[in-house]
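Participant: One file is attached below, query-v4.cif, containing mmCIF, N, CA, C and O atoms.
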```cif
data_entry
loop_
_atom_site.label_atom_id
_atom_site.label_comp_id
_atom_site.auth_asym_id
_atom_site.auth_seq_id
_atom_site.Cartn_x
_atom_site.Cartn_y
_atom_site.Cartn_z
N MET A 1 17.58 -18.72 24.06
CA MET A 1 17.13 -18.69 22.68
C MET A 1 15.84 -19.51 22.55
O MET A 1 15.75 -20.62 23.06
N GLU A 2 14.89 -18.94 21.85
CA GLU A 2 13.59 -19.57 21.66
C GLU A 2 13.70 -20.68 20.61
O GLU A 2 14.27 -20.49 19.54
N PRO A 3 13.14 -21.87 20.91
CA PRO A 3 13.18 -22.94 19.91
C PRO A 3 12.33 -22.57 18.69
O PRO A 3 11.32 -21.90 18.82
N ARG A 4 12.75 -23.01 17.52
CA ARG A 4 12.04 -22.71 16.29
C ARG A 4 11.48 -23.99 15.68
O ARG A 4 12.12 -25.03 15.72
N VAL A 5 10.33 -23.86 15.10
CA VAL A 5 9.69 -24.98 14.41
C VAL A 5 10.30 -25.08 13.01
O VAL A 5 10.50 -24.05 12.35
N LYS A 6 10.57 -26.29 12.58
CA LYS A 6 11.11 -26.48 11.23
C LYS A 6 10.11 -25.97 10.21
O LYS A 6 8.89 -26.10 10.38
N ALA A 7 10.62 -25.40 9.13
CA ALA A 7 9.77 -24.77 8.12
C ALA A 7 8.76 -25.74 7.52
O ALA A 7 7.59 -25.40 7.35
N GLY A 8 9.19 -26.94 7.19
CA GLY A 8 8.28 -27.92 6.60
C GLY A 8 7.12 -28.27 7.52
O GLY A 8 5.99 -28.44 7.07
N ILE A 9 7.41 -28.37 8.81
CA ILE A 9 6.36 -28.68 9.79
C ILE A 9 5.41 -27.49 9.92
O ILE A 9 4.19 -27.66 9.96
N TRP A 10 5.95 -26.26 9.95
CA TRP A 10 5.11 -25.08 10.06
C TRP A 10 4.18 -24.97 8.85
O TRP A 10 2.98 -24.70 8.98
N VAL A 11 4.70 -25.19 7.65
CA VAL A 11 3.90 -25.10 6.42
C VAL A 11 2.79 -26.15 6.46
O VAL A 11 1.63 -25.85 6.12
N SER A 12 3.11 -27.35 6.88
CA SER A 12 2.09 -28.40 6.99
C SER A 12 0.99 -27.99 7.95
O SER A 12 -0.20 -28.16 7.67
N MET A 13 1.36 -27.44 9.10
CA MET A 13 0.38 -26.99 10.09
C MET A 13 -0.50 -25.88 9.52
O MET A 13 -1.72 -25.92 9.64
N ALA A 14 0.11 -24.89 8.88
CA ALA A 14 -0.65 -23.75 8.37
C ALA A 14 -1.62 -24.17 7.27
O ALA A 14 -2.76 -23.70 7.24
N THR A 15 -1.19 -25.05 6.37
CA THR A 15 -2.09 -25.48 5.30
C THR A 15 -3.23 -26.33 5.85
O THR A 15 -4.36 -26.22 5.37
N ARG A 16 -2.98 -27.13 6.86
CA ARG A 16 -4.06 -27.92 7.47
C ARG A 16 -5.06 -27.03 8.19
O ARG A 16 -6.27 -27.25 8.11
N LEU A 17 -4.57 -26.03 8.93
CA LEU A 17 -5.48 -25.09 9.59
C LEU A 17 -6.34 -24.37 8.56
O LEU A 17 -7.55 -24.19 8.77
N SER A 18 -5.74 -23.96 7.48
CA SER A 18 -6.47 -23.25 6.44
C SER A 18 -7.52 -24.16 5.81
O SER A 18 -8.68 -23.76 5.64
N ASP A 19 -7.13 -25.37 5.46
CA ASP A 19 -8.07 -26.31 4.86
C ASP A 19 -9.22 -26.62 5.81
O ASP A 19 -10.37 -26.70 5.40
N ALA A 20 -8.91 -26.78 7.10
CA ALA A 20 -9.95 -27.07 8.10
C ALA A 20 -10.94 -25.91 8.23
O ALA A 20 -12.11 -26.12 8.56
N ALA A 21 -10.48 -24.71 7.97
CA ALA A 21 -11.34 -23.53 8.04
C ALA A 21 -12.09 -23.29 6.72
O ALA A 21 -12.78 -22.29 6.57
N GLY A 22 -11.92 -24.19 5.77
CA GLY A 22 -12.60 -24.05 4.49
C GLY A 22 -11.96 -23.02 3.58
O GLY A 22 -12.60 -22.48 2.69
N ARG A 23 -10.69 -22.76 3.81
CA ARG A 23 -9.94 -21.78 3.02
C ARG A 23 -8.77 -22.51 2.37
O ARG A 23 -7.73 -22.68 3.01
N PRO A 24 -8.93 -22.96 1.14
CA PRO A 24 -7.88 -23.76 0.49
C PRO A 24 -6.51 -23.10 0.52
O PRO A 24 -6.40 -21.88 0.46
N ALA A 25 -5.51 -23.94 0.62
CA ALA A 25 -4.11 -23.48 0.62
C ALA A 25 -3.32 -24.38 -0.32
O ALA A 25 -3.65 -25.55 -0.50
N VAL A 26 -2.27 -23.80 -0.89
CA VAL A 26 -1.41 -24.58 -1.77
C VAL A 26 0.04 -24.14 -1.55
O VAL A 26 0.32 -22.96 -1.38
N VAL A 27 0.93 -25.13 -1.54
CA VAL A 27 2.36 -24.83 -1.47
C VAL A 27 2.81 -24.53 -2.89
O VAL A 27 2.83 -25.42 -3.74
N VAL A 28 3.15 -23.28 -3.15
CA VAL A 28 3.57 -22.84 -4.47
C VAL A 28 5.02 -23.23 -4.72
O VAL A 28 5.40 -23.58 -5.83
N ARG A 29 5.82 -23.17 -3.66
CA ARG A 29 7.25 -23.48 -3.78
C ARG A 29 7.74 -24.11 -2.49
O ARG A 29 7.52 -23.56 -1.42
N LYS A 30 8.38 -25.26 -2.61
CA LYS A 30 8.97 -25.91 -1.44
C LYS A 30 10.38 -25.40 -1.24
O LYS A 30 11.16 -25.30 -2.19
N GLY A 31 10.68 -25.08 0.00
CA GLY A 31 12.01 -24.64 0.36
C GLY A 31 12.71 -25.69 1.20
O GLY A 31 12.32 -26.86 1.21
N ASP A 32 13.71 -25.28 1.93
CA ASP A 32 14.43 -26.19 2.82
C ASP A 32 13.48 -26.63 3.94
O ASP A 32 12.91 -25.79 4.62
N PRO A 33 13.29 -27.94 4.13
CA PRO A 33 12.33 -28.42 5.13
C PRO A 33 12.72 -28.10 6.57
O PRO A 33 11.86 -28.06 7.45
N ASP A 34 14.00 -27.84 6.80
CA ASP A 34 14.44 -27.58 8.17
C ASP A 34 14.54 -26.09 8.49
O ASP A 34 14.03 -25.63 9.49
N SER A 35 15.23 -25.35 7.63
CA SER A 35 15.55 -23.97 8.01
C SER A 35 15.09 -22.91 7.02
O SER A 35 15.50 -21.76 7.12
N GLY A 36 14.25 -23.27 6.07
CA GLY A 36 13.80 -22.29 5.09
C GLY A 36 12.87 -21.25 5.70
O GLY A 36 12.17 -21.51 6.68
N GLY A 37 12.86 -20.06 5.12
CA GLY A 37 11.91 -19.02 5.51
C GLY A 37 10.59 -19.27 4.78
O GLY A 37 10.49 -20.14 3.92
N VAL A 38 9.57 -18.47 5.12
CA VAL A 38 8.25 -18.65 4.52
C VAL A 38 7.69 -17.30 4.08
O VAL A 38 7.75 -16.33 4.82
N LEU A 39 7.15 -17.29 2.86
CA LEU A 39 6.34 -16.18 2.37
C LEU A 39 4.93 -16.70 2.23
O LEU A 39 4.72 -17.80 1.70
N CYS A 40 3.95 -15.94 2.70
CA CYS A 40 2.55 -16.32 2.58
C CYS A 40 1.85 -15.35 1.65
O CYS A 40 1.96 -14.13 1.82
N LEU A 41 1.15 -15.90 0.68
CA LEU A 41 0.35 -15.09 -0.23
C LEU A 41 -1.10 -15.23 0.20
O LEU A 41 -1.63 -16.34 0.25
N LEU A 42 -1.74 -14.12 0.53
CA LEU A 42 -3.15 -14.12 0.91
C LEU A 42 -3.93 -13.61 -0.29
O LEU A 42 -3.81 -12.46 -0.68
N ARG A 43 -4.74 -14.50 -0.89
CA ARG A 43 -5.48 -14.13 -2.10
C ARG A 43 -6.92 -13.78 -1.74
O ARG A 43 -7.64 -14.58 -1.14
N GLY A 44 -7.30 -12.57 -2.12
CA GLY A 44 -8.67 -12.11 -1.95
C GLY A 44 -9.21 -11.64 -3.27
O GLY A 44 -8.55 -11.72 -4.31
N ARG A 45 -10.43 -11.12 -3.26
CA ARG A 45 -11.05 -10.66 -4.50
C ARG A 45 -10.31 -9.48 -5.12
O ARG A 45 -10.30 -9.31 -6.34
N ALA A 46 -9.69 -8.65 -4.31
CA ALA A 46 -9.03 -7.43 -4.80
C ALA A 46 -7.57 -7.65 -5.16
O ALA A 46 -6.87 -6.70 -5.53
N GLY A 47 -7.06 -8.86 -5.04
CA GLY A 47 -5.66 -9.13 -5.36
C GLY A 47 -4.97 -9.96 -4.30
O GLY A 47 -5.59 -10.83 -3.68
N LEU A 48 -3.69 -9.68 -4.08
CA LEU A 48 -2.86 -10.46 -3.15
C LEU A 48 -2.17 -9.55 -2.15
O LEU A 48 -1.80 -8.42 -2.46
N VAL A 49 -1.96 -10.10 -0.96
CA VAL A 49 -1.10 -9.48 0.05
C VAL A 49 -0.01 -10.51 0.34
O VAL A 49 -0.31 -11.68 0.57
N VAL A 50 1.24 -10.09 0.32
CA VAL A 50 2.36 -10.98 0.62
C VAL A 50 2.82 -10.72 2.04
O VAL A 50 3.11 -9.58 2.40
N LEU A 51 2.87 -11.78 2.85
CA LEU A 51 3.37 -11.68 4.22
C LEU A 51 4.74 -12.34 4.28
O LEU A 51 4.95 -13.43 3.76
N SER A 52 5.66 -11.66 4.94
CA SER A 52 7.02 -12.16 5.10
C SER A 52 7.32 -12.35 6.58
O SER A 52 6.96 -11.51 7.40
N GLN A 53 7.99 -13.45 6.92
CA GLN A 53 8.37 -13.71 8.30
C GLN A 53 9.44 -12.72 8.74
O GLN A 53 10.40 -12.48 8.01
N VAL A 54 9.25 -12.17 9.93
CA VAL A 54 10.23 -11.26 10.52
C VAL A 54 10.27 -11.52 12.03
O VAL A 54 9.50 -12.31 12.56
N ARG A 55 11.15 -10.83 12.70
CA ARG A 55 11.21 -10.82 14.17
C ARG A 55 10.97 -9.39 14.63
O ARG A 55 11.46 -8.44 14.01
N ASP A 56 10.22 -9.23 15.72
CA ASP A 56 9.99 -7.88 16.24
C ASP A 56 11.19 -7.44 17.07
O ASP A 56 12.19 -8.15 17.16
N ALA A 57 11.09 -6.28 17.67
CA ALA A 57 12.22 -5.71 18.43
C ALA A 57 12.65 -6.59 19.59
O ALA A 57 13.81 -6.56 20.00
N GLU A 58 11.73 -7.39 20.12
CA GLU A 58 12.06 -8.29 21.23
C GLU A 58 12.47 -9.68 20.75
O GLU A 58 12.68 -10.59 21.56
N GLY A 59 12.53 -9.87 19.44
CA GLY A 59 12.96 -11.16 18.89
C GLY A 59 11.83 -12.17 18.72
O GLY A 59 12.07 -13.32 18.38
N ARG A 60 10.59 -11.74 18.91
CA ARG A 60 9.45 -12.65 18.75
C ARG A 60 9.05 -12.75 17.28
O ARG A 60 9.16 -11.77 16.54
N PRO A 61 8.57 -13.91 16.86
CA PRO A 61 8.14 -14.06 15.47
C PRO A 61 6.95 -13.16 15.16
O PRO A 61 6.06 -12.97 16.00
N ALA A 62 6.94 -12.62 13.96
CA ALA A 62 5.85 -11.76 13.50
C ALA A 62 5.81 -11.83 11.97
O ALA A 62 6.64 -12.49 11.34
N TRP A 63 4.85 -11.15 11.39
CA TRP A 63 4.69 -11.11 9.94
C TRP A 63 4.60 -9.65 9.49
O TRP A 63 3.98 -8.84 10.15
N LEU A 64 5.20 -9.36 8.36
CA LEU A 64 5.21 -8.03 7.78
C LEU A 64 4.48 -8.07 6.44
O LEU A 64 4.71 -9.00 5.65
N ARG A 65 3.61 -7.11 6.20
CA ARG A 65 2.96 -7.00 4.89
C ARG A 65 4.01 -6.49 3.91
O ARG A 65 4.21 -5.29 3.76
N ALA A 66 4.65 -7.41 3.25
CA ALA A 66 5.83 -7.09 2.43
C ALA A 66 5.50 -6.26 1.20
O ALA A 66 6.35 -5.53 0.71
N THR A 67 4.27 -6.37 0.71
CA THR A 67 3.89 -5.62 -0.49
C THR A 67 3.05 -4.40 -0.13
O THR A 67 2.46 -3.77 -0.99
N GLY A 68 3.00 -4.08 1.15
CA GLY A 68 2.25 -2.90 1.59
C GLY A 68 0.88 -3.24 2.13
O GLY A 68 0.45 -4.39 2.11
N GLU A 69 0.21 -2.24 2.60
CA GLU A 69 -1.10 -2.40 3.24
C GLU A 69 -2.17 -2.82 2.24
O GLU A 69 -3.04 -3.64 2.56
N ALA A 70 -2.14 -2.27 1.03
CA ALA A 70 -3.17 -2.55 0.03
C ALA A 70 -2.81 -3.79 -0.79
O ALA A 70 -1.63 -4.07 -1.03
N PRO A 71 -3.83 -4.53 -1.23
CA PRO A 71 -3.56 -5.69 -2.10
C PRO A 71 -2.91 -5.25 -3.41
O PRO A 71 -3.10 -4.13 -3.87
N VAL A 72 -2.14 -6.16 -3.99
CA VAL A 72 -1.46 -5.91 -5.26
C VAL A 72 -1.91 -6.95 -6.28
O VAL A 72 -2.51 -7.97 -5.92
N ASP A 73 -1.60 -6.71 -7.55
CA ASP A 73 -1.97 -7.67 -8.59
C ASP A 73 -0.98 -8.84 -8.61
O ASP A 73 0.07 -8.81 -7.95
N ASP A 74 -1.33 -9.86 -9.37
CA ASP A 74 -0.50 -11.07 -9.44
C ASP A 74 0.92 -10.77 -9.90
O ASP A 74 1.88 -11.32 -9.36
N ALA A 75 1.07 -9.91 -10.91
CA ALA A 75 2.40 -9.62 -11.45
C ALA A 75 3.30 -8.97 -10.40
O ALA A 75 4.48 -9.32 -10.28
N THR A 76 2.75 -8.07 -9.61
CA THR A 76 3.53 -7.41 -8.56
C THR A 76 3.94 -8.41 -7.49
O THR A 76 5.09 -8.42 -7.03
N ALA A 77 3.00 -9.26 -7.08
CA ALA A 77 3.30 -10.28 -6.07
C ALA A 77 4.34 -11.27 -6.59
O ALA A 77 5.28 -11.62 -5.88
N ASP A 78 4.17 -11.70 -7.84
CA ASP A 78 5.13 -12.65 -8.44
C ASP A 78 6.53 -12.05 -8.51
O ASP A 78 7.52 -12.74 -8.24
N ALA A 79 6.62 -10.77 -8.87
CA ALA A 79 7.93 -10.11 -8.95
C ALA A 79 8.58 -10.05 -7.57
O ALA A 79 9.79 -10.29 -7.44
N TYR A 80 7.79 -9.75 -6.54
CA TYR A 80 8.33 -9.70 -5.18
C TYR A 80 8.85 -11.09 -4.77
O TYR A 80 9.96 -11.22 -4.26
N VAL A 81 8.04 -12.12 -5.01
CA VAL A 81 8.43 -13.48 -4.64
C VAL A 81 9.71 -13.87 -5.39
O VAL A 81 10.64 -14.43 -4.79
N GLU A 82 9.77 -13.57 -6.66
CA GLU A 82 10.96 -13.91 -7.46
C GLU A 82 12.23 -13.25 -6.89
O GLU A 82 13.28 -13.89 -6.80
N ARG A 83 12.13 -11.98 -6.51
CA ARG A 83 13.29 -11.29 -5.92
C ARG A 83 13.73 -11.96 -4.62
O ARG A 83 14.92 -12.13 -4.36
N GLN A 84 12.76 -12.35 -3.80
CA GLN A 84 13.09 -12.97 -2.52
C GLN A 84 13.70 -14.36 -2.70
O GLN A 84 14.62 -14.74 -1.98
N VAL A 85 13.21 -15.10 -3.66
CA VAL A 85 13.76 -16.44 -3.93
C VAL A 85 15.19 -16.34 -4.44
O VAL A 85 16.03 -17.18 -4.12
N LYS A 86 15.50 -15.30 -5.21
CA LYS A 86 16.88 -15.11 -5.67
C LYS A 86 17.81 -14.87 -4.48
O LYS A 86 18.95 -15.31 -4.48
N ARG A 87 17.32 -14.15 -3.46
CA ARG A 87 18.11 -13.89 -2.24
C ARG A 87 18.22 -15.12 -1.35
O ARG A 87 19.22 -15.33 -0.69
N ASP A 88 17.11 -15.89 -1.29
CA ASP A 88 17.05 -17.03 -0.39
C ASP A 88 16.44 -18.23 -1.11
O ASP A 88 15.22 -18.40 -1.15
N PRO A 89 17.27 -19.09 -1.71
CA PRO A 89 16.76 -20.23 -2.46
C PRO A 89 16.08 -21.30 -1.58
O PRO A 89 15.45 -22.22 -2.09
N ASP A 90 16.18 -21.17 -0.26
CA ASP A 90 15.55 -22.12 0.66
C ASP A 90 14.13 -21.71 1.04
O ASP A 90 13.48 -22.34 1.87
N LEU A 91 13.62 -20.66 0.44
CA LEU A 91 12.35 -20.05 0.79
C LEU A 91 11.15 -20.90 0.37
O LEU A 91 11.11 -21.44 -0.72
N TRP A 92 10.17 -21.00 1.26
CA TRP A 92 8.88 -21.61 0.98
C TRP A 92 7.92 -20.51 0.57
O TRP A 92 7.99 -19.39 1.09
N VAL A 93 6.99 -20.82 -0.34
CA VAL A 93 5.93 -19.89 -0.73
C VAL A 93 4.61 -20.64 -0.64
O VAL A 93 4.45 -21.69 -1.27
N VAL A 94 3.70 -20.12 0.18
CA VAL A 94 2.41 -20.77 0.40
C VAL A 94 1.30 -19.76 0.12
O VAL A 94 1.35 -18.63 0.59
N GLU A 95 0.32 -20.18 -0.67
CA GLU A 95 -0.80 -19.29 -1.00
C GLU A 95 -2.05 -19.78 -0.29
O GLU A 95 -2.37 -20.96 -0.31
N PHE A 96 -2.75 -18.83 0.33
CA PHE A 96 -3.98 -19.11 1.06
C PHE A 96 -5.13 -18.33 0.45
O PHE A 96 -4.96 -17.17 0.10
N GLU A 97 -6.29 -18.95 0.35
CA GLU A 97 -7.49 -18.21 -0.01
C GLU A 97 -7.89 -17.42 1.23
O GLU A 97 -8.10 -17.98 2.30
N ALA A 98 -7.96 -16.11 1.08
CA ALA A 98 -8.22 -15.24 2.23
C ALA A 98 -9.03 -14.03 1.78
O ALA A 98 -8.47 -12.95 1.57
N PRO A 99 -10.34 -14.20 1.63
CA PRO A 99 -11.16 -13.08 1.15
C PRO A 99 -11.05 -11.84 2.03
O PRO A 99 -11.21 -10.72 1.56
N ASP A 100 -10.74 -12.02 3.30
CA ASP A 100 -10.62 -10.91 4.25
C ASP A 100 -9.16 -10.46 4.43
O ASP A 100 -8.88 -9.57 5.23
N PHE A 101 -8.25 -11.08 3.70
CA PHE A 101 -6.80 -10.80 3.78
C PHE A 101 -6.24 -11.02 5.18
O PHE A 101 -5.26 -10.40 5.57
N LYS A 102 -6.84 -11.92 5.93
CA LYS A 102 -6.32 -12.31 7.25
C LYS A 102 -5.76 -13.71 7.14
O LYS A 102 -6.38 -14.59 6.53
N PRO A 103 -4.59 -13.94 7.74
CA PRO A 103 -4.00 -15.29 7.66
C PRO A 103 -4.86 -16.29 8.43
O PRO A 103 -5.45 -15.95 9.46
N PRO A 104 -4.92 -17.53 7.96
CA PRO A 104 -5.70 -18.56 8.63
C PRO A 104 -4.99 -19.21 9.81
O PRO A 104 -5.45 -20.19 10.36
N PHE A 105 -3.87 -18.65 10.19
CA PHE A 105 -3.07 -19.14 11.31
C PHE A 105 -2.84 -17.98 12.26
O PHE A 105 -3.00 -16.81 11.90
N GLU A 106 -2.45 -18.29 13.49
CA GLU A 106 -2.18 -17.23 14.46
C GLU A 106 -0.97 -16.43 13.99
O GLU A 106 0.09 -17.00 13.70
N ALA A 107 -1.14 -15.11 13.90
CA ALA A 107 -0.06 -14.28 13.38
C ALA A 107 -0.12 -12.89 13.99
O ALA A 107 -1.18 -12.29 14.08
N ARG A 108 1.06 -12.40 14.39
CA ARG A 108 1.19 -11.00 14.80
C ARG A 108 1.63 -10.23 13.57
O ARG A 108 2.70 -10.49 13.04
N LEU A 109 0.79 -9.31 13.12
CA LEU A 109 1.12 -8.52 11.93
C LEU A 109 1.74 -7.20 12.36
O LEU A 109 1.22 -6.53 13.24
N LEU A 110 2.85 -6.84 11.74
CA LEU A 110 3.50 -5.55 12.01
C LEU A 110 3.13 -4.55 10.94
O LEU A 110 2.80 -4.84 9.86
#
```
Could you write out this structure as structure tokens?
Facilitator:
Amino acid sequence: MEPRVKAGIWVSMATRLSDAAGRPAVVVRKGDPDSGGVLCLLRGRAGLVVLSQVRDAEGRPAWLRATGEAPVDDATADAYVERQVKRDPDLWVVEFEAPDFKPPFEARLL
């Protein structure tokens, strides 16, 4: 079994990488610091893309464009986040400024 990084540590790392790259990040919602999942909101000029943590077929960490390929408006993203938080109250939500809709951290997108 592959060791996992605690959610609070991962969020701290991702926000620091983003800030270092000149792309502000903010923790919108704090979840469980040890085992919470993470949703990332990538904000660009055309709206938002929501990324959700998943595992690929081989069990490796990856990210899924949860709201689809195209950016969505704030209301659509907020509704998605709200539904996910109802399912998982330990969930973290982090928003990144991402004009190119690419995460500021290393990520395999599915």
Participant: Using the chain letters and numbers from the file, which residues does the PyMOL selection byres (((chain A and resi 12 and name CA) around 12) and name CA) grab, as an MDAnalysis selection string?
Facilitator: chainID A and resid 5:11 13:19 25:27 30 33 38 92 94 105
Participant: Quick one: pick out all alpha helix (DSSP H) residues within chain A from a backbone DSSP run and write them as JSON, numbers by chain.
Facilitator: {"A": [7, 8, 9, 10, 11, 12, 13, 14, 15, 16, 17, 18, 19, 20, 74, 75, 76, 77, 78, 79, 80, 81, 82, 83, 84, 85, 86, 87]}
Participant: Evaluate the PyMOL selection byres (((chain A and resi 109 and name CA) around 7) and name CA) against this structure - the residues, as a ChimeraX atom specification, please.
Facilitator: /A:62-64,107-108,110
Participant: What parts of chain A does DSSP call strand (DSSP E or B)? I'd like the answer as a ChimeraX atom specification.
Facilitator: /A:25-29,38-44,47-55,61-65,72,92-97,109
Participant: For Leu41 (chain A), which of A:Gln53, A:Glu95, A:Lys102, A:Gly68 is the closest residue, counting only C-alpha atoms?
Facilitator: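 Ranking A:Gln53, A:Glu95, A:Lys102, A:Gly68 by distance to Leu41 (chain A), first place goes to A:Glu95.
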Participant: How many Å lie between CA of Gly44 (chain A) and CA of Gln84 (chain A), rounded to one decimal?
Facilitator: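 That distance, rounded to one decimal, is 21.8 Å.
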Participant: Which distance in Å separates CA of Arg83 (chain A) and CA of Gly37 (chain A), to one decimal?
Facilitator: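 For CA of Arg83 (chain A) relative to CA of Gly37 (chain A), the distance reads 13.9 Å.
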Participant: Name the residues in contact with region 45-51 of chain A at a cut-off of 4.5 Å, using all atoms listed in the file, excluding same-chain residues fewer than 5 positions from it; report them as a PDB file with N, CA, C and O atoms, in the coordinates of the input.
Facilitator:
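And here is the file that came out, around_19.pdb:
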```pdb
ATOM      1  N   VAL A  38       9.570 -18.470   5.120  1.00  0.00           N
ATOM      2  CA  VAL A  38       8.250 -18.650   4.520  1.00  0.00           C
ATOM      3  C   VAL A  38       7.690 -17.300   4.080  1.00  0.00           C
ATOM      4  O   VAL A  38       7.750 -16.330   4.820  1.00  0.00           O
ATOM      5  N   LEU A  39       7.150 -17.290   2.860  1.00  0.00           N
ATOM      6  CA  LEU A  39       6.340 -16.180   2.370  1.00  0.00           C
ATOM      7  C   LEU A  39       4.930 -16.700   2.230  1.00  0.00           C
ATOM      8  O   LEU A  39       4.720 -17.800   1.700  1.00  0.00           O
ATOM      9  N   CYS A  40       3.950 -15.940   2.700  1.00  0.00           N
ATOM     10  CA  CYS A  40       2.550 -16.320   2.580  1.00  0.00           C
ATOM     11  C   CYS A  40       1.850 -15.350   1.650  1.00  0.00           C
ATOM     12  O   CYS A  40       1.960 -14.130   1.820  1.00  0.00           O
ATOM     13  N   LEU A  64       5.200  -9.360   8.360  1.00  0.00           N
ATOM     14  CA  LEU A  64       5.210  -8.030   7.780  1.00  0.00           C
ATOM     15  C   LEU A  64       4.480  -8.070   6.440  1.00  0.00           C
ATOM     16  O   LEU A  64       4.710  -9.000   5.650  1.00  0.00           O
ATOM     17  N   ARG A  65       3.610  -7.110   6.200  1.00  0.00           N
ATOM     18  CA  ARG A  65       2.960  -7.000   4.890  1.00  0.00           C
ATOM     19  C   ARG A  65       4.010  -6.490   3.910  1.00  0.00           C
ATOM     20  O   ARG A  65       4.210  -5.290   3.760  1.00  0.00           O
ATOM     21  N   ALA A  66       4.650  -7.410   3.250  1.00  0.00           N
ATOM     22  CA  ALA A  66       5.830  -7.090   2.430  1.00  0.00           C
ATOM     23  C   ALA A  66       5.500  -6.260   1.200  1.00  0.00           C
ATOM     24  O   ALA A  66       6.350  -5.530   0.710  1.00  0.00           O
ATOM     25  N   THR A  67       4.270  -6.370   0.710  1.00  0.00           N
ATOM     26  CA  THR A  67       3.890  -5.620  -0.490  1.00  0.00           C
ATOM     27  C   THR A  67       3.050  -4.400  -0.130  1.00  0.00           C
ATOM     28  O   THR A  67       2.460  -3.770  -0.990  1.00  0.00           O
ATOM     29  N   PRO A  71      -3.830  -4.530  -1.230  1.00  0.00           N
ATOM     30  CA  PRO A  71      -3.560  -5.690  -2.100  1.00  0.00           C
ATOM     31  C   PRO A  71      -2.910  -5.250  -3.410  1.00  0.00           C
ATOM     32  O   PRO A  71      -3.100  -4.130  -3.870  1.00  0.00           O
ATOM     33  N   VAL A  72      -2.140  -6.160  -3.990  1.00  0.00           N
ATOM     34  CA  VAL A  72      -1.460  -5.910  -5.260  1.00  0.00           C
ATOM     35  C   VAL A  72      -1.910  -6.950  -6.280  1.00  0.00           C
ATOM     36  O   VAL A  72      -2.510  -7.970  -5.920  1.00  0.00           O
TER      37      VAL A  72
END
```
Participant: Do you have the atom C of Pro99 (chain A)-CA of Val85 (chain A) distance handy?
Facilitator: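 CA of Val85 (chain A) lies at a distance of 25.9 Å from atom C of Pro99 (chain A).
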Participant: Pick from A:Ala21, A:Thr76, A:Gly36, A:Gly59: nearest to Glu97 (chain A), with only C-alpha atoms counted?
Facilitator: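 Of the candidates, the smallest distance to Glu97 (chain A) is held by A:Ala21.
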Participant: Using the file's own x, y and z axes, so that the box edges lie along x, y and z, what centre and edge lengths in Å (one decimal) does a box around every listed atom of region 89-98 of chain A get when 8 Å is added on each side? Give it as lines of an AutoDock Vina configuration file.
Facilitator:
```
center_x = 4.1
center_y = -17.6
center_z = -0.1
size_x = 42.3
size_y = 25.4
size_z = 20.8
```
Participant: Quick test: take region 14-56 of chain A, keep C-alpha atoms, and write it as an mmCIF file, in the first residue's frame.
Facilitator:
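The resulting out.cif:
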```
data_model
loop_
_atom_site.group_PDB
_atom_site.id
_atom_site.type_symbol
_atom_site.label_atom_id
_atom_site.label_comp_id
_atom_site.auth_asym_id
_atom_site.auth_seq_id
_atom_site.Cartn_x
_atom_site.Cartn_y
_atom_site.Cartn_z
ATOM 1 C CA ALA A 14 -0.099 23.218 -2.711
ATOM 2 C CA THR A 15 -0.900 26.735 -1.484
ATOM 3 C CA ARG A 16 2.799 27.512 -0.969
ATOM 4 C CA LEU A 17 3.679 26.267 -4.462
ATOM 5 C CA SER A 18 0.896 28.388 -5.893
ATOM 6 C CA ASP A 19 1.917 31.487 -3.954
ATOM 7 C CA ALA A 20 5.568 30.986 -4.971
ATOM 8 C CA ALA A 21 4.468 30.888 -8.609
ATOM 9 C CA GLY A 22 2.638 34.198 -8.181
ATOM 10 C CA ARG A 23 -0.767 32.546 -8.317
ATOM 11 C CA PRO A 24 -2.656 33.325 -5.098
ATOM 12 C CA ALA A 25 -4.428 30.500 -3.317
ATOM 13 C CA VAL A 26 -6.934 30.462 -0.498
ATOM 14 C CA VAL A 27 -8.317 27.695 1.688
ATOM 15 C CA VAL A 28 -12.074 28.123 1.289
ATOM 16 C CA ARG A 29 -12.943 25.294 3.672
ATOM 17 C CA LYS A 30 -10.825 23.364 6.141
ATOM 18 C CA GLY A 31 -11.490 19.671 6.395
ATOM 19 C CA ASP A 32 -10.017 16.893 8.500
ATOM 20 C CA PRO A 33 -6.262 17.608 8.749
ATOM 21 C CA ASP A 34 -5.355 13.926 8.616
ATOM 22 C CA SER A 35 -7.715 12.106 6.291
ATOM 23 C CA GLY A 36 -9.894 14.665 4.524
ATOM 24 C CA GLY A 37 -10.278 14.700 0.754
ATOM 25 C CA VAL A 38 -9.511 17.784 -1.338
ATOM 26 C CA LEU A 39 -11.427 19.714 -3.986
ATOM 27 C CA CYS A 40 -9.460 22.302 -5.954
ATOM 28 C CA LEU A 41 -11.137 25.249 -7.611
ATOM 29 C CA LEU A 42 -9.137 26.682 -10.516
ATOM 30 C CA ARG A 43 -10.308 30.243 -11.190
ATOM 31 C CA GLY A 44 -9.699 31.750 -14.600
ATOM 32 C CA ARG A 45 -11.205 34.596 -16.588
ATOM 33 C CA ALA A 46 -13.903 32.337 -18.080
ATOM 34 C CA GLY A 47 -15.062 30.857 -14.760
ATOM 35 C CA LEU A 48 -14.062 27.906 -12.586
ATOM 36 C CA VAL A 49 -12.947 24.323 -13.044
ATOM 37 C CA VAL A 50 -13.393 21.999 -10.060
ATOM 38 C CA LEU A 51 -10.831 19.216 -9.626
ATOM 39 C CA SER A 52 -11.625 16.236 -7.435
ATOM 40 C CA GLN A 53 -9.104 13.737 -6.045
ATOM 41 C CA VAL A 54 -9.471 10.244 -7.475
ATOM 42 C CA ARG A 55 -7.410 7.098 -8.009
ATOM 43 C CA ASP A 56 -6.709 5.714 -11.475
#
```
